[in-house]
Amino acid sequence: MKIKLPPADAQDAFSGFPVVLGTVHHDGKDNVITLALCHAFSFSPPLLGVGIAPERFSLGLFKGSKDFAINIPDASILRAVKICGAKSGRDVDKFEAAGLTKEKAEAVTAPLIEECPVNMECVKTHEIETGDHVWFIGKIVAARRREDYDPKKMLLYWGEYRTIGEQVKGK
Ligand SMILES: Cc1cc2nc3c(=O)[nH]c(=O)nc-3n(C[C@H](O)[C@H](O)[C@H](O)COP(=O)(O)O)c2cc1C
């Protein structure tokens, strides 16, 4: 038997989406925002997108800038992930508040985050208004990862933080 779900609650059936730290530079200001709405939109060209709600301070910066960066954190900086997902760049310098170190990007104006094992530099290609989020899609033009990076350690979030579970094999 299946239980009928209100459409607005149906997406609670997912167990997690990738947690990333989006960074952006616009009008003399750097900001970092915790995002779980992050998805690949194409592999060739490599397009990555993030969804940002209109009330976020980051929205104006993502709209104003021609680029952004996506940084993948792990559990060792969970405290910083939470700070960047609770405080606003309107009120505080979140790099300072979360103890994150800015690294200069190769190809974009957005700063990278040194403490994140993976950094992807994206040049904006699409801006799509959906319902209650605006999706910013960008072409990855440069990327780096720590030599010993293990994707299994990346964080997922949907109500609670997780890392991925066991591998499933079968025909
Ligand atoms: C785990 C997590 C995931 C989040 N995902 C998103 C997201 O995908 N899109 C979004 O707009 N806000 C998301 N948020 C909320 C923003 O990170 C939060 O409102 C932040 O304080 C906005 O910062 P800003 O005002 O500097 O832009 C998330 C927060 C957390 C803790």
# chains A, B, ... in the order shown; residues from 1 in each chain; ligands from 1
$ residues_around --residues "Gln11 of chain A" --least-positions-apart "5" --cutoff "12 Å" --atoms "only C-alpha atoms" --output "list of chain:residue names"
A:Leu5, A:Pro6, A:Gly16, A:Phe17, A:Trp158, A:Gly159
$ write_last_selection --atoms "C-alpha atoms" --output "mmCIF file, in the first residue's frame"
data_model
loop_
_atom_site.group_PDB
_atom_site.id
_atom_site.type_symbol
_atom_site.label_atom_id
_atom_site.label_comp_id
_atom_site.auth_asym_id
_atom_site.auth_seq_id
_atom_site.Cartn_x
_atom_site.Cartn_y
_atom_site.Cartn_z
ATOM 1 C CA LEU A 5 1.371 12.631 -0.323
ATOM 2 C CA PRO A 6 0.512 16.312 -0.633
ATOM 3 C CA GLY A 16 19.897 14.012 0.516
ATOM 4 C CA PHE A 17 21.342 16.428 -1.986
ATOM 5 C CA TRP A 158 17.980 16.960 3.482
ATOM 6 C CA GLY A 159 16.825 17.879 6.991
#
$ residues_around --residues "Phe57 of chain A" --least-positions-apart "5" --cutoff "12 Å" --atoms "only C-alpha atoms" --output "ChimeraX atom specification"
/A:24,26,29-33,52,62-64,84-92,94
$ closest_residue --among "A:Lys4, A:Arg56, A:Lys102, A:Arg145" --to "ligand 1" --atoms "only C-alpha atoms and all ligand atoms"
A:Arg56
$ closest_residue --among "A:Arg144, A:Arg162, A:Lys152, A:Lys104" --to "ligand 1" --atoms "only C-alpha atoms and all ligand atoms"
A:Arg162
$ residues_around --residues "Gly99 of chain A" --least-positions-apart "6" --cutoff "12 Å" --atoms "only C-alpha atoms" --output "list in words"
Val32, Ile77, Leu78, Arg79, Ala80, Val81, Lys82, Ile83, Cys84, Asp93, Ile113, Glu114 and Glu115 of chain A
$ atom_distance --atom1 "atom CA of Glu127 of chain A" --atom2 "atom CA of Leu112 of chain A"
21.4 Å
$ select_by_dssp --residues "chain A" --states "alpha helix (DSSP H)" --output "PyMOL selection string"
chain A and resi 58-64+78-84+94-98
